[in-house]
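Raw start28.txt, compact mmCIF, C-alpha atoms (C1' of nucleotides):
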```txt
# COMPACT_ATOMS: atom_id res chain seq x y z
CA MET A 1 1.89 8.23 -24.64
CA PRO A 2 2.08 4.99 -26.49
CA GLU A 3 0.97 1.95 -24.58
CA LEU A 4 -0.01 -1.38 -26.02
CA PRO A 5 -2.92 -0.26 -28.26
CA GLU A 6 -0.93 2.54 -29.83
CA VAL A 7 2.04 0.27 -30.44
CA GLU A 8 -0.24 -2.32 -32.02
CA VAL A 9 -1.63 0.30 -34.39
CA VAL A 10 1.92 1.15 -35.37
CA ARG A 11 2.69 -2.54 -35.89
CA LEU A 12 -0.33 -2.95 -38.15
CA GLY A 13 0.71 0.06 -40.19
CA LEU A 14 4.26 -1.20 -40.58
CA GLU A 15 2.99 -4.63 -41.54
CA ALA A 16 0.89 -3.03 -44.27
CA HIS A 17 3.61 -0.81 -45.70
CA VAL A 18 7.23 -1.73 -45.14
CA LEU A 19 7.53 -5.50 -45.61
CA GLY A 20 9.29 -6.87 -48.67
CA HIS A 21 10.97 -3.63 -49.76
CA PRO A 22 14.80 -3.58 -49.68
CA ILE A 23 16.41 -0.93 -47.49
CA SER A 24 18.45 1.27 -49.79
CA SER A 25 19.93 3.62 -47.20
CA VAL A 26 19.84 4.49 -43.51
CA GLU A 27 20.46 7.90 -42.04
CA VAL A 28 20.90 8.41 -38.28
CA LEU A 29 20.26 12.06 -37.53
CA HIS A 30 20.69 11.86 -33.74
CA PRO A 31 22.82 9.32 -31.88
CA ARG A 32 20.64 8.92 -28.83
CA PRO A 33 17.80 6.85 -30.33
CA VAL A 34 20.32 4.20 -31.43
CA ARG A 35 22.14 4.15 -28.07
CA ARG A 36 21.06 0.54 -27.48
CA HIS A 37 22.91 -0.46 -30.59
CA LEU A 38 26.27 -0.73 -28.87
CA ALA A 39 28.32 -0.97 -32.07
CA GLY A 40 27.27 2.57 -32.91
CA ALA A 41 25.25 4.48 -35.44
CA ALA A 42 27.49 3.76 -38.41
CA ASP A 43 27.33 0.03 -37.79
CA PHE A 44 23.58 0.26 -37.31
CA ALA A 45 23.17 1.93 -40.69
CA ALA A 46 25.60 -0.33 -42.51
CA ARG A 47 24.09 -3.55 -41.26
CA LEU A 48 20.53 -2.61 -42.19
CA THR A 49 21.35 -1.39 -45.66
CA GLY A 50 20.47 -3.86 -48.38
CA ARG A 51 18.25 -5.99 -46.20
CA THR A 52 14.50 -6.50 -46.25
CA PHE A 53 11.83 -6.62 -43.56
CA THR A 54 9.78 -9.80 -43.54
CA ALA A 55 7.43 -9.41 -40.56
CA ALA A 56 6.22 -6.88 -37.98
CA ARG A 57 5.91 -8.26 -34.47
CA ARG A 58 5.17 -6.94 -31.00
CA ARG A 59 5.39 -7.89 -27.37
CA GLY A 60 3.98 -5.41 -24.92
CA LYS A 61 5.25 -1.99 -25.94
CA TYR A 62 8.23 -3.31 -27.89
CA LEU A 63 7.93 -3.91 -31.60
CA TRP A 64 10.35 -5.34 -34.07
CA LEU A 65 10.68 -5.81 -37.78
CA ALA A 66 12.13 -9.19 -38.65
CA LEU A 67 14.86 -9.15 -41.27
CA ASP A 68 15.32 -11.67 -44.04
CA ASP A 69 18.36 -13.24 -42.35
CA GLY A 70 16.96 -13.89 -38.86
CA ASP A 71 17.98 -10.60 -37.25
CA ALA A 72 15.53 -7.83 -36.44
CA LEU A 73 15.18 -4.10 -36.08
CA LEU A 74 13.95 -3.70 -32.51
CA GLY A 75 12.15 -0.54 -31.50
CA HIS A 76 10.47 1.11 -28.56
CA LEU A 77 8.49 4.33 -28.84
CA GLY A 78 9.23 5.48 -25.32
CA MET A 79 7.13 8.48 -24.39
CA SER A 80 6.95 10.30 -27.68
CA GLY A 81 8.18 8.06 -30.45
CA GLN A 82 6.50 7.77 -33.84
CA MET A 83 7.07 5.58 -36.88
CA LEU A 84 6.01 7.38 -40.01
CA VAL A 85 5.83 6.04 -43.54
CA GLN A 86 6.40 8.93 -45.91
CA ARG A 87 7.22 9.65 -49.51
CA PRO A 88 10.72 11.05 -50.02
CA GLY A 89 10.66 14.81 -50.24
CA VAL A 90 8.06 15.33 -47.56
CA PRO A 91 9.73 17.89 -45.26
CA ASP A 92 11.56 16.39 -42.32
CA GLU A 93 9.66 16.36 -39.08
CA ARG A 94 11.09 18.58 -36.37
CA HIS A 95 12.20 15.62 -34.27
CA LEU A 96 13.19 13.23 -37.05
CA ARG A 97 15.92 10.97 -35.65
CA VAL A 98 16.37 8.07 -38.09
CA ARG A 99 15.43 7.69 -41.74
CA LEU A 100 15.28 4.35 -43.56
CA SER A 101 14.82 4.62 -47.31
CA LEU A 102 13.02 1.70 -48.90
CA THR A 103 13.07 0.80 -52.58
CA PRO A 104 10.12 -1.36 -53.58
CA GLN A 105 10.57 -3.62 -56.63
CA ASP A 106 7.59 -1.93 -58.20
CA GLY A 107 6.20 1.35 -57.06
CA PRO A 108 7.64 4.58 -55.68
CA GLU A 109 10.28 4.96 -52.98
CA LEU A 110 9.21 5.08 -49.37
CA GLU A 111 10.78 6.26 -46.15
CA LEU A 112 10.32 4.78 -42.73
CA ARG A 113 10.99 7.62 -40.31
CA PHE A 114 11.59 7.34 -36.59
CA VAL A 115 10.50 10.60 -34.99
CA ASP A 116 10.91 11.10 -31.23
CA GLN A 117 10.84 14.40 -29.42
CA ARG A 118 12.02 13.23 -26.02
CA MET A 119 14.13 10.31 -27.13
CA PHE A 120 13.13 7.87 -24.44
CA GLY A 121 12.52 5.49 -27.28
CA GLY A 122 14.97 4.02 -29.70
CA LEU A 123 15.99 1.51 -32.34
CA ALA A 124 18.58 -1.25 -32.31
CA LEU A 125 19.64 -4.12 -34.53
CA SER A 126 18.92 -7.35 -32.70
CA ASP A 127 21.15 -10.29 -33.58
CA GLY A 128 18.97 -13.32 -34.16
CA GLY A 129 15.93 -11.42 -32.96
CA ALA A 130 13.50 -12.15 -35.77
CA VAL A 131 11.20 -14.37 -33.72
CA LEU A 132 11.82 -12.83 -30.29
CA PRO A 133 14.73 -10.48 -29.67
CA PRO A 134 16.90 -11.74 -26.80
CA GLU A 135 17.08 -8.17 -25.50
CA ILE A 136 13.44 -8.40 -24.45
CA ALA A 137 13.38 -11.94 -23.13
CA HIS A 138 12.53 -10.49 -19.70
CA ILE A 139 9.35 -8.84 -20.99
CA ALA A 140 6.23 -10.81 -20.10
CA ARG A 141 3.45 -11.54 -22.53
CA ASP A 142 0.70 -8.94 -22.70
CA PRO A 143 -2.97 -9.48 -21.79
CA LEU A 144 -4.01 -9.55 -25.44
CA ASP A 145 -1.52 -12.32 -26.25
CA GLU A 146 -3.43 -15.55 -26.76
CA ASP A 147 -0.75 -17.36 -24.77
CA PHE A 148 -1.03 -15.04 -21.76
CA ASP A 149 -1.52 -17.24 -18.71
CA ASP A 150 -4.30 -15.74 -16.58
CA SER A 151 -4.04 -18.20 -13.74
CA ALA A 152 -0.27 -17.80 -13.52
CA PHE A 153 -0.79 -14.04 -13.29
CA VAL A 154 -3.38 -14.46 -10.54
CA ARG A 155 -1.01 -16.72 -8.61
CA ARG A 156 1.89 -14.34 -8.98
CA VAL A 157 -0.14 -11.35 -7.80
CA ARG A 158 -1.53 -13.19 -4.80
CA HIS A 159 1.96 -14.25 -3.74
CA SER A 160 3.20 -10.66 -3.53
CA ASP A 161 2.62 -7.88 -1.05
CA SER A 162 3.24 -5.26 -3.74
CA GLY A 163 0.39 -3.03 -4.76
CA ILE A 164 -1.59 -4.23 -7.75
CA LYS A 165 -0.86 -1.12 -9.82
CA ARG A 166 2.86 -1.48 -9.26
CA MET A 167 2.60 -5.02 -10.59
CA LEU A 168 0.52 -3.94 -13.59
CA LEU A 169 3.30 -1.52 -14.50
CA ASN A 170 6.01 -4.14 -14.04
CA GLN A 171 6.62 -5.34 -17.59
CA GLY A 172 8.19 -8.52 -16.29
CA ILE A 173 4.85 -9.59 -14.81
CA VAL A 174 2.50 -8.36 -17.50
CA SER A 175 3.51 -6.15 -20.41
CA GLY A 176 1.84 -3.43 -22.40
CA VAL A 177 0.04 -1.73 -19.52
CA GLY A 178 1.18 1.81 -18.74
CA ASN A 179 0.03 4.41 -16.27
CA ILE A 180 -3.06 5.39 -18.21
CA TYR A 181 -4.50 1.96 -18.92
CA ALA A 182 -3.57 0.74 -15.45
CA ASP A 183 -5.73 3.47 -13.93
CA GLU A 184 -8.55 2.78 -16.36
CA GLY A 185 -8.44 -0.97 -15.84
CA LEU A 186 -8.43 -0.55 -12.07
CA TRP A 187 -11.34 1.86 -12.29
CA LEU A 188 -13.34 -0.65 -14.34
CA ALA A 189 -12.50 -3.38 -11.83
CA ARG A 190 -13.31 -1.14 -8.84
CA VAL A 191 -9.97 -1.93 -7.28
CA HIS A 192 -7.60 0.59 -5.71
CA GLY A 193 -4.10 0.38 -7.16
CA GLU A 194 -2.40 0.32 -3.78
CA ARG A 195 -4.17 -2.77 -2.56
CA PRO A 196 -1.53 -5.43 -1.96
CA GLY A 197 -1.74 -8.38 -4.33
CA SER A 198 -1.80 -10.77 -1.42
CA ARG A 199 -5.03 -9.22 -0.15
CA LEU A 200 -6.91 -9.44 -3.44
CA SER A 201 -9.30 -12.22 -4.26
CA ARG A 202 -8.96 -14.27 -7.39
CA ALA A 203 -12.10 -12.52 -8.67
CA ASP A 204 -10.60 -9.08 -7.99
CA ILE A 205 -7.53 -9.90 -10.04
CA GLU A 206 -9.56 -11.38 -12.85
CA ARG A 207 -11.68 -8.21 -12.95
CA VAL A 208 -8.51 -6.12 -13.15
CA LEU A 209 -7.23 -8.21 -16.04
CA SER A 210 -10.45 -8.03 -17.95
CA GLY A 211 -10.70 -4.29 -17.21
CA CYS A 212 -7.27 -3.75 -18.73
CA ARG A 213 -8.20 -5.90 -21.70
CA GLN A 214 -11.44 -4.03 -22.24
CA VAL A 215 -9.90 -0.57 -22.20
CA MET A 216 -7.03 -1.62 -24.43
CA LEU A 217 -9.34 -3.26 -26.96
CA GLU A 218 -11.53 -0.15 -27.06
CA ALA A 219 -8.51 2.03 -27.67
CA LEU A 220 -7.30 -0.33 -30.35
CA ALA A 221 -10.66 -0.22 -32.08
CA GLN A 222 -10.56 3.56 -32.16
CA GLY A 223 -6.91 3.91 -33.12
CA GLY A 224 -6.77 1.25 -35.79
CA THR A 225 -9.16 2.91 -38.16
CA SER A 226 -7.32 3.88 -41.31
CA PHE A 227 -3.73 3.17 -42.11
CA ASP A 228 -3.89 2.29 -45.75
CA ALA A 229 -3.67 5.84 -46.92
CA LEU A 230 -0.05 6.84 -47.15
CA TYR A 231 1.05 9.38 -44.60
CA VAL A 232 0.26 6.52 -42.34
CA ASN A 233 -1.39 6.69 -39.00
CA VAL A 234 1.70 4.91 -37.77
CA ASN A 235 2.22 7.42 -35.07
CA GLY A 236 1.66 6.04 -31.63
CA GLN A 237 -1.33 8.21 -30.90
CA SER A 238 -4.83 6.92 -30.65
CA GLY A 239 -7.82 9.16 -30.56
CA TYR A 240 -8.75 7.38 -27.40
CA PHE A 241 -7.18 9.69 -24.88
CA ASP A 242 -9.40 12.72 -24.86
CA ARG A 243 -12.67 10.92 -25.37
CA SER A 244 -13.07 7.79 -23.42
CA LEU A 245 -10.98 7.90 -20.29
CA LYS A 246 -13.04 7.46 -17.16
CA ALA A 247 -10.51 8.21 -14.45
CA TYR A 248 -7.09 9.11 -15.82
CA GLY A 249 -6.47 12.86 -15.98
CA ARG A 250 -9.90 13.68 -14.57
CA GLU A 251 -9.05 15.01 -11.12
CA SER A 252 -12.09 16.60 -9.45
CA GLU A 253 -14.43 15.57 -12.25
CA PRO A 254 -17.31 13.28 -11.33
CA CYS A 255 -16.80 9.56 -11.47
CA PRO A 256 -18.91 8.37 -14.45
CA ARG A 257 -20.31 5.60 -12.26
CA CYS A 258 -21.15 7.26 -8.95
CA GLY A 259 -20.51 10.98 -9.37
CA THR A 260 -17.88 11.25 -6.65
CA PRO A 261 -15.01 13.54 -7.66
CA ILE A 262 -12.04 11.62 -9.03
CA ARG A 263 -8.95 11.95 -6.90
CA ARG A 264 -5.33 12.20 -7.86
CA ILE A 265 -2.46 10.97 -5.75
CA ALA A 266 1.29 10.86 -6.32
CA PHE A 267 2.57 7.41 -7.16
CA MET A 268 6.00 6.28 -8.31
CA ASN A 269 6.96 9.81 -9.40
CA ARG A 270 3.78 10.12 -11.43
CA SER A 271 0.05 10.33 -10.80
CA SER A 272 -2.71 7.89 -10.06
CA TYR A 273 -6.36 8.73 -10.61
CA PHE A 274 -9.16 6.82 -8.94
CA CYS A 275 -12.66 7.10 -7.54
CA PRO A 276 -12.49 7.10 -3.74
CA VAL A 277 -15.93 5.47 -3.45
CA CYS A 278 -15.78 2.84 -6.20
CA GLN A 279 -12.14 2.08 -5.42
CA PRO A 280 -11.76 2.37 -1.65
CA VAL A 281 -8.30 3.20 -0.40
CA PRO A 282 -6.91 0.17 1.41
CA ARG A 283 -6.60 0.49 5.13
CA VAL A 284 -2.99 1.24 6.01
CA ARG A 285 -1.44 -1.92 7.25
CA ARG A 286 0.07 -1.49 10.65
CA LYS A 287 3.46 -2.97 11.29
CA PRO A 288 3.39 -6.01 13.53
CA ALA A 289 4.04 -5.03 17.12
CA ALA A 290 7.67 -5.44 18.04
C1' DC B 1 16.75 -11.12 -3.96
C1' DA B 2 12.97 -8.16 -4.37
C1' DA B 3 11.60 -3.64 -3.88
C1' DA B 4 12.41 1.14 -4.29
C1' DC B 5 14.63 4.92 -6.17
C1' DT B 6 16.90 7.76 -9.97
C1' DA B 7 18.64 9.22 -14.54
C1' DC B 8 17.43 9.90 -18.92
C1' DC B 9 14.95 13.62 -22.22
C1' DT B 10 12.17 17.95 -24.28
C1' DG B 11 8.39 21.03 -24.45
C1' DA B 12 4.17 22.89 -22.53
C1' DC B 13 2.70 25.19 -18.89
C1' DT B 14 2.69 28.02 -14.38
C1' DG B 15 3.98 31.57 -11.26
C1' DC B 16 6.65 35.45 -10.05
C1' DT C 1 8.71 39.70 -21.32
C1' DG C 2 11.59 36.46 -19.32
C1' DC C 3 13.00 32.87 -16.74
C1' DA C 4 13.18 29.32 -13.32
C1' DG C 5 10.54 25.57 -11.79
C1' DT C 6 7.22 21.68 -12.46
C1' DC C 7 5.17 18.02 -14.84
C1' DA C 8 4.55 14.29 -18.19
C1' DG C 9 6.28 8.79 -17.70
C1' DG C 10 8.73 3.88 -19.72
C1' DT C 11 12.85 1.66 -18.97
C1' DA C 12 17.33 0.36 -17.25
C1' DG C 13 20.56 0.72 -13.95
C1' DT C 14 21.67 1.48 -9.12
C1' DT C 15 20.83 1.34 -4.32
C1' DT C 16 18.58 -0.33 -0.24
```
Output the structure of this file as structure tokens.
Amino acid sequence: MPELPEVEVVRLGLEAHVLGHPISSVEVLHPRPVRRHLAGAADFAARLTGRTFTAARRRGKYLWLALDDGDALLGHLGMSGQMLVQRPGVPDERHLRVRLSLTPQDGPELELRFVDQRMFGGLALSDGGAVLPPEIAHIARDPLDEDFDDSAFVRRVRHSDSGIKRMLLNQGIVSGVGNIYADEGLWLARVHGERPGSRLSRADIERVLSGCRQVMLEALAQGGTSFDALYVNVNGQSGYFDRSLKAYGRESEPCPRCGTPIRRIAFMNRSSYFCPVCQPVPRVRRKPAA
DNA sequence: CAAACTACCTGACTGC
DNA sequence: TGCAGTCAGGTAGTTT
């Protein structure tokens, strides 16, 4: 499940491999991943053909490839998306959805392939989106962005009665954090995800932020190992998941800090994992007497 | 107007 | 063996 670190690894791989090579053809094999391109698949293909990528950028879990004329190819990996850089002739992946053929001035042809089993992700051509696509103007900066405003985040959290995990997952407040890293960051900070923002101290919120940063930087360090071989590791998977998670997916296993079994609860149609001792469940707030 | 809910998708897995 | 049901979860759109 690609969250910020996985998307950043993909961005680094794209930056290393696809910039400066004219797009010679575009093939859309399934309409759904280009559904956000309202003019349709044929227009999507026609408008990309002949153009060249000049930069690979990211905000949160969105990434985009700037084009030489100020537009951009905007992408999101959704739940299962991958960007693969392949030589032509390598057999198509089972869930290959879009193929961009690139023709470098010198050197062999390349393909940028968008592969996505579940098709929650997608690609679109963003008019004027080279610097920041207008389609994602509502997406907040992510905690690894040097311009992320910690004190504004703290203020916003403390002015809301929403649970802290809900706010971590709200990409309009802070981007890049998904269910997995939210649980890990909260575990590191020893804060329960259902504690209302308004009842957290400044220090609590700062610990949550730094917890999220820590776990995302660790994942990035593990996932960003080698992408200069072809058959790029531009795939939205980091080796982080199985190895280093402390809480997520570890129901009934001992908390690495105190040994208490990790608990799982339903949350927003998904799961939350936490240590009931390190991260005490907030006392249920009683409604004011009528 | 913010918060909460639902649709979108496929494949791995579980239980009968 | 087969098949229905459940789960995974980011985002946008809808409802409350």
Task: Between C1' of DG9 in chain C and CA of Ser201 in chain A - distance in Å to one decimal - done: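 Here the two named atoms are 29.4 Å from each other.
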Open item on the list: Quick check: residues of chain B within 10 Å of chain A, all atoms listed in the file, returned as a PyMOL selection string.
Closed with: chain B and resi 3-5+8-11
TODO: Enumerate as a ChimeraX atom specification the residues belonging to chain C that approach chain A to within 10 Å, with all atoms listed in the file taken into account.
DONE: /C:7-11
Open item on the list: Just to confirm, what's the straight-line distance from CA of Pro33 in chain A to CA of Met83 in chain A in Å (one decimal)?
Closed with: 12.6 Å
TODO: Just give me the gap between CA of Arg99 in chain A and CA of Gly75 in chain A in Å, one decimal is fine.
DONE: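 Going from CA of Arg99 in chain A over to CA of Gly75 in chain A covers 13.5 Å.
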Open item on the list: With only C-alpha atoms (C1' of nucleotides) as the counted atoms, please give the residues lying no more than 10 Å from range 242-252 of chain A, apart from itself and same-chain residues fewer than 6 positions off, as a ChimeraX atom specification.
Closed with: /A:179-188,215,218-219,260-265,271-275
Generate a file of the selected residues that holds C-alpha atoms, formatted as a PDB file, in the frame of the given file.
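Output (out04.pdb):
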```pdb
ATOM      1  CA  ASN A 179       0.030   4.410 -16.270  1.00  0.00           C
ATOM      2  CA  ILE A 180      -3.060   5.390 -18.210  1.00  0.00           C
ATOM      3  CA  TYR A 181      -4.500   1.960 -18.920  1.00  0.00           C
ATOM      4  CA  ALA A 182      -3.570   0.740 -15.450  1.00  0.00           C
ATOM      5  CA  ASP A 183      -5.730   3.470 -13.930  1.00  0.00           C
ATOM      6  CA  GLU A 184      -8.550   2.780 -16.360  1.00  0.00           C
ATOM      7  CA  GLY A 185      -8.440  -0.970 -15.840  1.00  0.00           C
ATOM      8  CA  LEU A 186      -8.430  -0.550 -12.070  1.00  0.00           C
ATOM      9  CA  TRP A 187     -11.340   1.860 -12.290  1.00  0.00           C
ATOM     10  CA  LEU A 188     -13.340  -0.650 -14.340  1.00  0.00           C
ATOM     11  CA  VAL A 215      -9.900  -0.570 -22.200  1.00  0.00           C
ATOM     12  CA  GLU A 218     -11.530  -0.150 -27.060  1.00  0.00           C
ATOM     13  CA  ALA A 219      -8.510   2.030 -27.670  1.00  0.00           C
ATOM     14  CA  THR A 260     -17.880  11.250  -6.650  1.00  0.00           C
ATOM     15  CA  PRO A 261     -15.010  13.540  -7.660  1.00  0.00           C
ATOM     16  CA  ILE A 262     -12.040  11.620  -9.030  1.00  0.00           C
ATOM     17  CA  ARG A 263      -8.950  11.950  -6.900  1.00  0.00           C
ATOM     18  CA  ARG A 264      -5.330  12.200  -7.860  1.00  0.00           C
ATOM     19  CA  ILE A 265      -2.460  10.970  -5.750  1.00  0.00           C
ATOM     20  CA  SER A 271       0.050  10.330 -10.800  1.00  0.00           C
ATOM     21  CA  SER A 272      -2.710   7.890 -10.060  1.00  0.00           C
ATOM     22  CA  TYR A 273      -6.360   8.730 -10.610  1.00  0.00           C
ATOM     23  CA  PHE A 274      -9.160   6.820  -8.940  1.00  0.00           C
ATOM     24  CA  CYS A 275     -12.660   7.100  -7.540  1.00  0.00           C
TER      25      CYS A 275
END
```
Can you tell me which residues surround Phe153 in chain A at a distance of at most 9 Å, considering only C-alpha atoms (C1' of nucleotides), apart from same-chain residues fewer than 4 positions away, and format the answer as a PDB file with C-alpha atoms, in the frame of the given file?
```
ATOM      1  CA  PHE A 148      -1.030 -15.040 -21.760  1.00  0.00           C
ATOM      2  CA  ASP A 149      -1.520 -17.240 -18.710  1.00  0.00           C
ATOM      3  CA  VAL A 157      -0.140 -11.350  -7.800  1.00  0.00           C
ATOM      4  CA  ARG A 158      -1.530 -13.190  -4.800  1.00  0.00           C
ATOM      5  CA  ILE A 173       4.850  -9.590 -14.810  1.00  0.00           C
ATOM      6  CA  VAL A 174       2.500  -8.360 -17.500  1.00  0.00           C
ATOM      7  CA  ILE A 205      -7.530  -9.900 -10.040  1.00  0.00           C
TER       8      ILE A 205
END
```
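Nearest residue to Val9 in chain A, choosing from A:Arg207, A:Arg47, A:Arg35, A:Arg58 and counting all atoms listed in the file: A:Arg58.
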Since the input has fewer atoms than a full residue there, write range 20-46 of chain A out with N, CA and C atoms, as an mmCIF file, keeping the file's coordinate frame.
```
data_model
loop_
_atom_site.group_PDB
_atom_site.id
_atom_site.type_symbol
_atom_site.label_atom_id
_atom_site.label_comp_id
_atom_site.auth_asym_id
_atom_site.auth_seq_id
_atom_site.Cartn_x
_atom_site.Cartn_y
_atom_site.Cartn_z
ATOM 1 N N GLY A 20 8.952 -6.436 -47.325
ATOM 2 C CA GLY A 20 9.290 -6.870 -48.670
ATOM 3 C C GLY A 20 10.016 -5.847 -49.527
ATOM 4 N N HIS A 21 10.302 -4.667 -48.967
ATOM 5 C CA HIS A 21 10.970 -3.630 -49.760
ATOM 6 C C HIS A 21 12.419 -3.468 -49.278
ATOM 7 N N PRO A 22 13.398 -3.701 -50.132
ATOM 8 C CA PRO A 22 14.800 -3.580 -49.680
ATOM 9 C C PRO A 22 15.120 -2.191 -49.133
ATOM 10 N N ILE A 23 15.964 -2.182 -48.107
ATOM 11 C CA ILE A 23 16.410 -0.930 -47.490
ATOM 12 C C ILE A 23 17.585 -0.410 -48.310
ATOM 13 N N SER A 24 17.399 0.759 -48.912
ATOM 14 C CA SER A 24 18.450 1.270 -49.790
ATOM 15 C C SER A 24 19.433 2.168 -49.053
ATOM 16 N N SER A 25 18.986 2.832 -47.994
ATOM 17 C CA SER A 25 19.930 3.620 -47.200
ATOM 18 C C SER A 25 19.349 3.913 -45.831
ATOM 19 N N VAL A 26 20.230 4.208 -44.896
ATOM 20 C CA VAL A 26 19.840 4.490 -43.510
ATOM 21 C C VAL A 26 20.594 5.725 -43.059
ATOM 22 N N GLU A 27 19.856 6.659 -42.481
ATOM 23 C CA GLU A 27 20.460 7.900 -42.040
ATOM 24 C C GLU A 27 20.105 8.104 -40.562
ATOM 25 N N VAL A 28 21.114 8.171 -39.710
ATOM 26 C CA VAL A 28 20.900 8.410 -38.280
ATOM 27 C C VAL A 28 21.162 9.879 -38.016
ATOM 28 N N LEU A 29 20.108 10.623 -37.677
ATOM 29 C CA LEU A 29 20.260 12.060 -37.530
ATOM 30 C C LEU A 29 20.578 12.475 -36.095
ATOM 31 N N HIS A 30 20.348 11.568 -35.152
ATOM 32 C CA HIS A 30 20.690 11.860 -33.740
ATOM 33 C C HIS A 30 21.152 10.562 -33.112
ATOM 34 N N PRO A 31 22.267 10.585 -32.387
ATOM 35 C CA PRO A 31 22.820 9.320 -31.880
ATOM 36 C C PRO A 31 21.987 8.678 -30.774
ATOM 37 N N ARG A 32 21.256 9.488 -30.032
ATOM 38 C CA ARG A 32 20.640 8.920 -28.830
ATOM 39 C C ARG A 32 19.629 7.793 -29.120
ATOM 40 N N PRO A 33 18.773 7.932 -30.101
ATOM 41 C CA PRO A 33 17.800 6.850 -30.330
ATOM 42 C C PRO A 33 18.423 5.512 -30.754
ATOM 43 N N VAL A 34 19.695 5.497 -31.125
ATOM 44 C CA VAL A 34 20.320 4.200 -31.430
ATOM 45 C C VAL A 34 21.326 3.814 -30.338
ATOM 46 N N ARG A 35 21.171 4.402 -29.140
ATOM 47 C CA ARG A 35 22.140 4.150 -28.070
ATOM 48 C C ARG A 35 22.192 2.685 -27.660
ATOM 49 N N ARG A 36 21.068 1.963 -27.853
ATOM 50 C CA ARG A 36 21.060 0.540 -27.480
ATOM 51 C C ARG A 36 21.787 -0.310 -28.496
ATOM 52 N N HIS A 37 22.101 0.278 -29.623
ATOM 53 C CA HIS A 37 22.910 -0.460 -30.590
ATOM 54 C C HIS A 37 24.372 -0.152 -30.262
ATOM 55 N N LEU A 38 24.988 -1.055 -29.502
ATOM 56 C CA LEU A 38 26.270 -0.730 -28.870
ATOM 57 C C LEU A 38 27.385 -0.526 -29.889
ATOM 58 N N ALA A 39 27.259 -1.127 -31.062
ATOM 59 C CA ALA A 39 28.320 -0.970 -32.070
ATOM 60 C C ALA A 39 28.282 0.398 -32.749
ATOM 61 N N GLY A 40 27.274 1.198 -32.424
ATOM 62 C CA GLY A 40 27.270 2.570 -32.910
ATOM 63 C C GLY A 40 26.389 2.801 -34.131
ATOM 64 N N ALA A 41 26.180 4.083 -34.397
ATOM 65 C CA ALA A 41 25.250 4.480 -35.440
ATOM 66 C C ALA A 41 25.700 4.046 -36.825
ATOM 67 N N ALA A 42 26.990 4.130 -37.078
ATOM 68 C CA ALA A 42 27.490 3.760 -38.410
ATOM 69 C C ALA A 42 27.278 2.276 -38.670
ATOM 70 N N ASP A 43 27.551 1.468 -37.659
ATOM 71 C CA ASP A 43 27.330 0.030 -37.790
ATOM 72 C C ASP A 43 25.853 -0.273 -37.967
ATOM 73 N N PHE A 44 25.030 0.423 -37.202
ATOM 74 C CA PHE A 44 23.580 0.260 -37.310
ATOM 75 C C PHE A 44 23.131 0.493 -38.749
ATOM 76 N N ALA A 45 23.572 1.586 -39.322
ATOM 77 C CA ALA A 45 23.170 1.930 -40.690
ATOM 78 C C ALA A 45 23.709 0.919 -41.689
ATOM 79 N N ALA A 46 24.977 0.563 -41.529
ATOM 80 C CA ALA A 46 25.600 -0.330 -42.510
ATOM 81 C C ALA A 46 24.945 -1.701 -42.509
#
```
